[in-house]
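Source file: upload_18.tsv; contents: TSV, C-alpha atoms.
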chain	number	residue	atom	x	y	z
A	1141	VAL	CA	155.06	109.17	97.09
A	1142	ASP	CA	156.37	111.85	99.44
A	1143	GLU	CA	154.74	115.21	100.03
A	1144	THR	CA	157.05	117.10	97.66
A	1145	ALA	CA	156.31	114.76	94.75
A	1146	PHE	CA	152.62	114.92	95.59
A	1147	ASN	CA	152.68	118.73	95.61
A	1148	ALA	CA	154.32	118.81	92.18
A	1149	LEU	CA	151.80	116.36	90.75
A	1150	TYR	CA	148.88	118.12	92.37
A	1151	GLY	CA	150.08	121.51	91.16
A	1152	ALA	CA	150.24	120.28	87.61
A	1153	LEU	CA	147.05	118.24	87.46
A	1154	ALA	CA	144.54	119.49	90.03
A	1155	ASP	CA	143.27	122.45	87.99
A	1156	PRO	CA	142.61	120.62	84.70
A	1157	LEU	CA	141.07	117.67	86.53
A	1158	TRP	CA	138.85	119.91	88.62
A	1159	LYS	CA	137.69	121.83	85.54
A	1160	TYR	CA	136.86	118.60	83.73
A	1161	VAL	CA	134.75	117.29	86.61
A	1162	ALA	CA	133.16	120.65	87.39
A	1163	ARG	CA	132.11	121.13	83.78
A	1164	ALA	CA	130.73	117.57	83.56
A	1165	SER	CA	128.85	117.63	86.87
A	1166	ARG	CA	128.16	121.38	86.89
A	1167	ARG	CA	128.72	121.27	90.64
A	1168	HIS	CA	131.74	122.57	92.47
A	1169	ASP	CA	131.21	120.40	95.55
A	1170	ILE	CA	131.25	117.23	93.46
A	1171	ALA	CA	134.33	118.46	91.63
A	1172	ASP	CA	136.10	118.97	94.99
A	1173	ASP	CA	135.10	115.48	96.17
A	1174	VAL	CA	136.04	113.72	92.96
A	1175	LEU	CA	139.34	115.59	92.78
A	1176	GLN	CA	140.36	114.51	96.28
A	1177	GLU	CA	139.06	110.98	95.84
A	1178	SER	CA	141.00	110.61	92.58
A	1179	PHE	CA	144.27	111.66	94.19
A	1180	PHE	CA	143.53	109.47	97.19
A	1181	ARG	CA	143.05	106.44	94.96
A	1182	LEU	CA	146.19	107.24	93.02
A	1183	ILE	CA	148.28	107.42	96.20
A	1184	LYS	CA	146.68	104.29	97.60
A	1185	SER	CA	147.21	102.33	94.39
A	1186	LYS	CA	150.29	100.51	93.24
A	1187	HIS	CA	150.64	103.18	90.54
A	1188	ALA	CA	151.64	106.00	92.87
A	1189	ASP	CA	155.09	106.28	91.28
A	1190	LEU	CA	153.85	106.81	87.73
A	1191	SER	CA	155.35	109.53	85.57
A	1192	ALA	CA	153.38	112.77	85.36
A	1193	ALA	CA	151.99	111.86	81.93
A	1194	GLU	CA	150.84	108.43	83.06
A	1195	ALA	CA	149.49	109.79	86.34
A	1196	ARG	CA	147.47	112.31	84.36
A	1197	LEU	CA	145.76	109.57	82.37
A	1198	TYR	CA	145.27	107.51	85.50
A	1199	LEU	CA	143.68	110.42	87.38
A	1200	PHE	CA	141.36	111.31	84.52
A	1201	ARG	CA	140.36	107.68	84.30
A	1202	ILE	CA	139.55	107.50	88.01
A	1203	ALA	CA	137.62	110.76	87.86
A	1204	THR	CA	135.65	109.61	84.81
A	1205	ASN	CA	134.78	106.31	86.50
A	1206	LEU	CA	133.77	108.08	89.71
A	1207	LEU	CA	131.53	110.46	87.80
A	1208	ASN	CA	129.95	107.65	85.80
A	1209	ASP	CA	129.41	105.61	88.97
A	1210	ARG	CA	127.77	108.53	90.73
A	1211	TRP	CA	125.40	109.14	87.83
A	1212	ARG	CA	124.61	105.47	87.46
A	1213	ARG	CA	123.76	105.12	91.14
A	1214	GLY	CA	121.80	108.35	91.09
A	1215	TYR	CA	123.84	109.96	93.89
A	1216	ASP	CA	123.84	113.36	92.26
A	1217	ALA	CA	121.51	115.34	90.20
A	1218	ILE	CA	123.38	117.21	87.53
A	1219	GLY	CA	123.73	120.80	88.65
A	1220	PRO	CA	121.81	123.74	87.27
A	1221	GLU	CA	122.74	124.96	83.86
A	1222	ILE	CA	125.71	127.25	83.78
A	1223	THR	CA	124.41	130.41	82.29
A	1224	GLU	CA	127.56	132.20	81.31
A	1225	ALA	CA	128.11	131.85	77.61
A	1226	VAL	CA	131.49	130.83	76.33
A	1227	SER	CA	131.34	131.82	72.72
A	1228	GLU	CA	133.71	131.52	69.85
A	1229	SER	CA	133.21	133.61	66.79
A	1230	ASN	CA	134.90	133.39	63.50
A	1231	PRO	CA	133.89	134.85	60.16
A	1232	ASP	CA	131.47	132.00	59.49
A	1233	VAL	CA	129.99	130.77	62.73
A	1234	THR	CA	129.45	131.48	66.41
A	1235	ILE	CA	129.45	128.65	68.92
A	1236	ASP	CA	128.16	128.88	72.44
A	1237	ALA	CA	130.38	126.16	73.82
A	1238	THR	CA	128.70	126.13	77.24
A	1239	ARG	CA	125.30	125.47	75.71
A	1240	MET	CA	126.83	122.88	73.43
A	1241	LEU	CA	128.41	120.88	76.29
A	1242	GLN	CA	125.18	121.05	78.27
A	1243	GLY	CA	123.14	119.92	75.30
A	1244	LEU	CA	125.26	116.93	74.44
A	1245	LYS	CA	125.07	113.58	76.22
A	1246	PRO	CA	127.60	113.19	79.05
A	1247	ARG	CA	129.70	110.68	77.10
A	1248	ALA	CA	129.89	112.97	74.06
A	1249	SER	CA	130.84	116.03	76.07
A	1250	GLN	CA	133.46	114.00	77.98
A	1251	LEU	CA	135.04	112.88	74.70
A	1252	LEU	CA	135.04	116.40	73.28
A	1253	TRP	CA	136.59	117.74	76.47
A	1254	LEU	CA	139.36	115.15	76.55
A	1255	ALA	CA	140.12	115.64	72.87
A	1256	PHE	CA	139.87	119.39	72.53
A	1257	VAL	CA	140.60	120.80	75.98
A	1258	GLU	CA	143.08	118.20	77.21
A	1259	GLY	CA	144.43	117.50	73.74
A	1260	MET	CA	144.49	113.76	74.29
A	1261	SER	CA	145.04	111.30	71.46
A	1262	HIS	CA	142.46	108.63	70.65
A	1263	LYS	CA	144.63	106.09	72.43
A	1264	GLU	CA	144.83	108.23	75.56
A	1265	ILE	CA	141.09	108.86	75.53
A	1266	ALA	CA	140.57	105.12	75.21
A	1267	LYS	CA	142.66	104.59	78.34
A	1268	VAL	CA	140.72	107.22	80.24
A	1269	THR	CA	137.24	106.12	79.22
A	1270	GLY	CA	137.83	102.37	79.07
A	1271	LEU	CA	136.63	102.26	75.47
A	1272	ASN	CA	138.71	100.81	72.67
A	1273	THR	CA	140.49	103.15	70.29
A	1274	MET	CA	138.21	102.40	67.36
A	1275	SER	CA	135.11	103.17	69.45
A	1276	VAL	CA	136.69	106.43	70.56
A	1277	ARG	CA	137.29	107.38	66.93
A	1278	VAL	CA	133.67	106.63	66.00
A	1279	LEU	CA	132.10	108.21	69.08
A	1280	LEU	CA	134.25	111.30	68.80
A	1281	ALA	CA	133.30	111.77	65.17
A	1282	ARG	CA	129.66	111.41	66.19
A	1283	ALA	CA	130.09	113.89	69.04
A	1284	LYS	CA	131.61	116.40	66.62
A	1285	ARG	CA	128.66	115.98	64.27
A	1286	GLN	CA	126.25	116.49	67.16
A	1287	ALA	CA	128.21	119.56	68.25
A	1288	ARG	CA	127.74	121.14	64.85
A	1289	VAL	CA	124.05	121.55	65.68
A	1290	TYR	CA	125.18	124.27	68.07
A	1291	PHE	CA	127.04	126.19	65.39
A	1292	ILE	CA	125.15	129.33	64.59
A	1293	PRO	CA	125.89	130.54	61.07
A	1294	LYS	CA	126.88	134.20	61.02
A	1295	GLY	CA	123.96	136.44	60.21
A	1296	GLU	CA	121.39	134.07	61.68
A	1297	GLY	CA	122.42	134.91	65.26
A	1298	ASP	CA	122.55	138.60	64.47
A	1299	GLU	CA	118.95	138.68	63.27
A	1300	LYS	CA	117.67	137.35	66.63
B	664	MET	CA	145.34	114.71	69.03
B	665	LYS	CA	146.17	117.08	66.22
B	666	ASN	CA	144.02	120.15	66.53
B	667	ASN	CA	143.33	122.60	63.83
B	668	VAL	CA	143.31	126.21	64.93
B	669	ASP	CA	140.91	126.92	62.10
B	670	ASP	CA	138.39	124.44	63.52
B	671	PRO	CA	135.75	126.57	65.27
B	672	LEU	CA	134.90	123.71	67.61
B	673	TRP	CA	138.51	123.40	68.75
B	674	ARG	CA	138.78	127.14	69.22
B	675	ALA	CA	135.55	127.23	71.22
B	676	MET	CA	136.74	124.48	73.49
B	677	GLN	CA	140.02	126.28	74.07
B	678	HIS	CA	138.10	128.87	76.08
B	679	PHE	CA	137.60	126.21	78.74
B	680	ALA	CA	141.27	125.25	78.73
B	681	ASN	CA	142.30	128.84	79.31
B	682	GLU	CA	139.57	130.00	81.66
B	683	PRO	CA	140.77	130.58	85.23
B	684	VAL	CA	139.29	128.53	88.07
B	685	VAL	CA	137.19	130.96	90.10
B	686	HIS	CA	136.28	128.40	92.76
B	687	GLU	CA	138.72	127.81	95.60
B	688	ILE	CA	139.73	124.23	94.99
B	689	PRO	CA	141.36	122.23	97.81
B	690	THR	CA	145.04	123.07	98.08
B	691	ALA	CA	147.80	120.48	97.79
B	692	ALA	CA	148.42	120.72	101.55
B	693	GLN	CA	144.74	120.17	102.36
B	694	SER	CA	144.49	117.21	100.02
B	695	TRP	CA	147.74	115.71	101.28
B	696	SER	CA	146.65	115.89	104.91
B	697	GLN	CA	143.22	114.49	104.06
B	698	ILE	CA	144.81	111.59	102.17
B	699	GLN	CA	147.21	110.84	105.03
B	700	PHE	CA	144.34	110.91	107.51
B	701	ARG	CA	142.23	108.61	105.39
B	702	LEU	CA	145.08	106.17	104.82
B	703	ARG	CA	145.72	105.94	108.55
B	704	TYR	CA	142.10	105.92	109.67
B	705	ARG	CA	141.02	103.52	106.96
B	706	SER	CA	143.65	100.90	107.76
B	707	GLN	CA	142.91	101.10	111.50
B	708	ARG	CA	139.18	100.83	110.92
B	709	ARG	CA	139.60	97.91	108.53
B	710	ASP	CA	141.87	96.11	110.96
B	711	ARG	CA	139.37	96.64	113.74
B	712	SER	CA	136.48	95.41	111.64
B	713	TYR	CA	138.56	92.41	110.58
B	714	MET	CA	139.37	91.60	114.21
B	715	SER	CA	135.77	92.07	115.21
B	716	THR	CA	134.59	89.55	112.59
B	717	LEU	CA	137.25	87.10	113.66
B	718	MET	CA	136.32	87.49	117.32
B	719	GLN	CA	132.66	86.84	116.54
B	720	ILE	CA	133.58	83.62	114.78
B	721	VAL	CA	135.79	82.49	117.65
B	722	VAL	CA	133.14	83.31	120.26
B	723	ALA	CA	130.42	81.54	118.26
B	724	THR	CA	132.61	78.45	117.85
B	725	TRP	CA	133.47	78.27	121.52
B	726	THR	CA	129.85	78.80	122.54
B	727	LEU	CA	128.83	75.91	120.32
B	728	LEU	CA	131.60	73.79	121.78
B	729	LEU	CA	130.41	74.61	125.30
B	730	VAL	CA	126.81	73.67	124.44
B	731	VAL	CA	127.98	70.34	123.02
B	732	ARG	CA	130.14	69.71	126.08
B	733	LEU	CA	127.27	70.49	128.46
B	734	ALA	CA	124.68	68.57	126.49
B	735	GLY	CA	126.78	65.41	126.21
B	736	GLY	CA	125.08	62.16	125.06
B	737	PRO	CA	123.73	61.45	121.57
B	738	LEU	CA	123.35	65.15	120.74
B	739	ALA	CA	127.12	65.51	120.86
B	740	LEU	CA	127.42	62.75	118.26
B	741	VAL	CA	125.24	64.75	115.86
B	742	ILE	CA	126.79	68.08	116.61
B	743	GLY	CA	130.37	66.80	116.64
B	744	PRO	CA	130.83	66.52	112.88
B	745	MET	CA	128.93	69.78	112.40
B	746	LEU	CA	131.36	71.42	114.77
B	747	GLY	CA	134.22	70.09	112.66
B	748	PHE	CA	132.70	71.70	109.59
B	749	ALA	CA	132.11	74.93	111.53
B	750	VAL	CA	135.76	75.11	112.56
B	751	LEU	CA	136.85	74.34	109.00
B	752	ALA	CA	134.52	77.06	107.68
B	753	ALA	CA	135.92	79.49	110.26
B	754	VAL	CA	139.47	78.78	109.07
B	755	VAL	CA	138.49	79.27	105.40
B	756	LEU	CA	136.59	82.44	106.25
B	757	HIS	CA	139.57	83.68	108.23
B	758	ALA	CA	141.82	83.15	105.19
B	759	LEU	CA	139.34	84.88	102.86
B	760	ILE	CA	138.90	87.89	105.14
B	761	TYR	CA	142.65	88.15	105.65
B	762	ARG	CA	143.22	88.13	101.88
B	763	ALA	CA	140.51	90.73	101.27
B	764	VAL	CA	141.86	93.05	103.96
B	765	ARG	CA	145.47	92.81	102.84
B	766	SER	CA	144.81	93.16	99.11
Would you mind writing the structure in this file as structure tokens?
Amino acid sequence: VDETAFNALYGALADPLWKYVARASRRHDIADDVLQESFFRLIKSKHADLSAAEARLYLFRIATNLLNDRWRRGYDAIGPEITEAVSESNPDVTIDATRMLQGLKPRASQLLWLAFVEGMSHKEIAKVTGLNTMSVRVLLARAKRQARVYFIPKGEGDEK
Amino acid sequence: MKNNVDDPLWRAMQHFANEPVVHEIPTAAQSWSQIQFRLRYRSQRRDRSYMSTLMQIVVATWTLLLVVRLAGGPLALVIGPMLGFAVLAAVVLHALIYRAVRS
């Protein structure tokens, strides 16, 4: 991979990858590290000449594994809660998505992120997380159910 | 994945997709130069560490050989076969380390 190809790939994928890691770890320094480490491993690997779509999955997979490894080994404490509310209102419910992601287990919030923010298919999520497609389907459905706890029916929130 | 714009969960998550990154993330140029540095430094360091291990094995083998040569007599008869095994082990170890470093 030459510098021009790297720049194009980095330009397209660095922001979404950084956001994914930063939201999961709640720490910008870890997001910076994981971002650079992911690209380093991609370049070092035999997969450096992947298409942009394949490289995207590969990078998200590396980043997910790095995050999981760091948590498993206890390298990082998860950062402080992000206090800014990211809310969505519609006629029926309000969702504080920030609180929801922080309240869910890391695996559930990762799945929701990959599905709803990155728009990945079950098959793609399976590639990124190392789960099989059926497990992704089940776990994602469960994560959605758990997320519904954070839906605030309209009227209830207003009374508080 | 097919997303439904009427799904409040999907719409809530879209805020994250569209939110700008306020933090200054490493630029492509910074990351590229860091990667190039690491690739170069890493391979040199690994080669050095590989050579250092190999040199230790060679030095240890020759030291043992010298001791056997100086000691002479029945001790050499005992140590002789052991030395053979040591050399064989060194060769196998050499091959294993070489494979690990190059992979």
### Task
Just need the residues of chain B within 8 Å of chain A, counting all atoms listed in the file, so spit them out as a ChimeraX atom specification.
/B:664-666,671-680,684,686,688-689,691-692,694-695,698,702
#### Entry: atom CA of A:Ser1178 to atom CA of A:Tyr1198, straight-line distance in Å
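So the two atoms, atom CA of A:Tyr1198 and atom CA of A:Ser1178, lie 8.8 Å apart.
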### Task
For atom CA of B:Leu728 and atom CA of B:Ala752, quote the distance in Å rounded to one decimal.
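Computed distance, atom CA of B:Leu728 to atom CA of B:Ala752, equals 14.8 Å.
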#### Entry: Residue list as a PyMOL selection string for point (128.8, 115.0, 80.2), cut-off 12 Å, all atoms listed in the file
chain A and resi 1160-1166+1204+1207-1208+1211+1218-1219+1238-1254+1283
### Task
Tell me, in Å to one decimal, how far atom CA of A:Ile1202 is from atom CA of A:Val1174.
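About the pair atom CA of A:Ile1202 and atom CA of A:Val1174: they are 8.7 Å apart.
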Box time for stretch 1170-1186 of chain A: axis-aligned, enclosing all its listed atoms, 8 Å extra on each side; report centre and edge lengths in Å to one decimal, as JSON.
{"center_x": 140.8, "center_y": 109.7, "center_z": 94.6, "size_x": 35.0, "size_y": 34.5, "size_z": 22.0}
#### Entry: Exercise: A:Leu1182 partners within 8 Å, all atoms listed in the file, chain neighbours under 4 positions left out, as a PyMOL selection string
chain A and resi 1178+1186-1188+1195+1198-1199
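Considering the residues A:Leu1157, A:Val1289, A:Met1274, A:Val1141 and counting all atoms listed in the file, A:Ser1185 has its shortest atom-to-atom contact with A:Val1141.
Minimum atom-to-atom distances from B:Leu733, B:Val750, B:Phe700, B:Gln693 to B:Val721 were compared using only C-alpha atoms, and the lowest value belongs to B:Val750.
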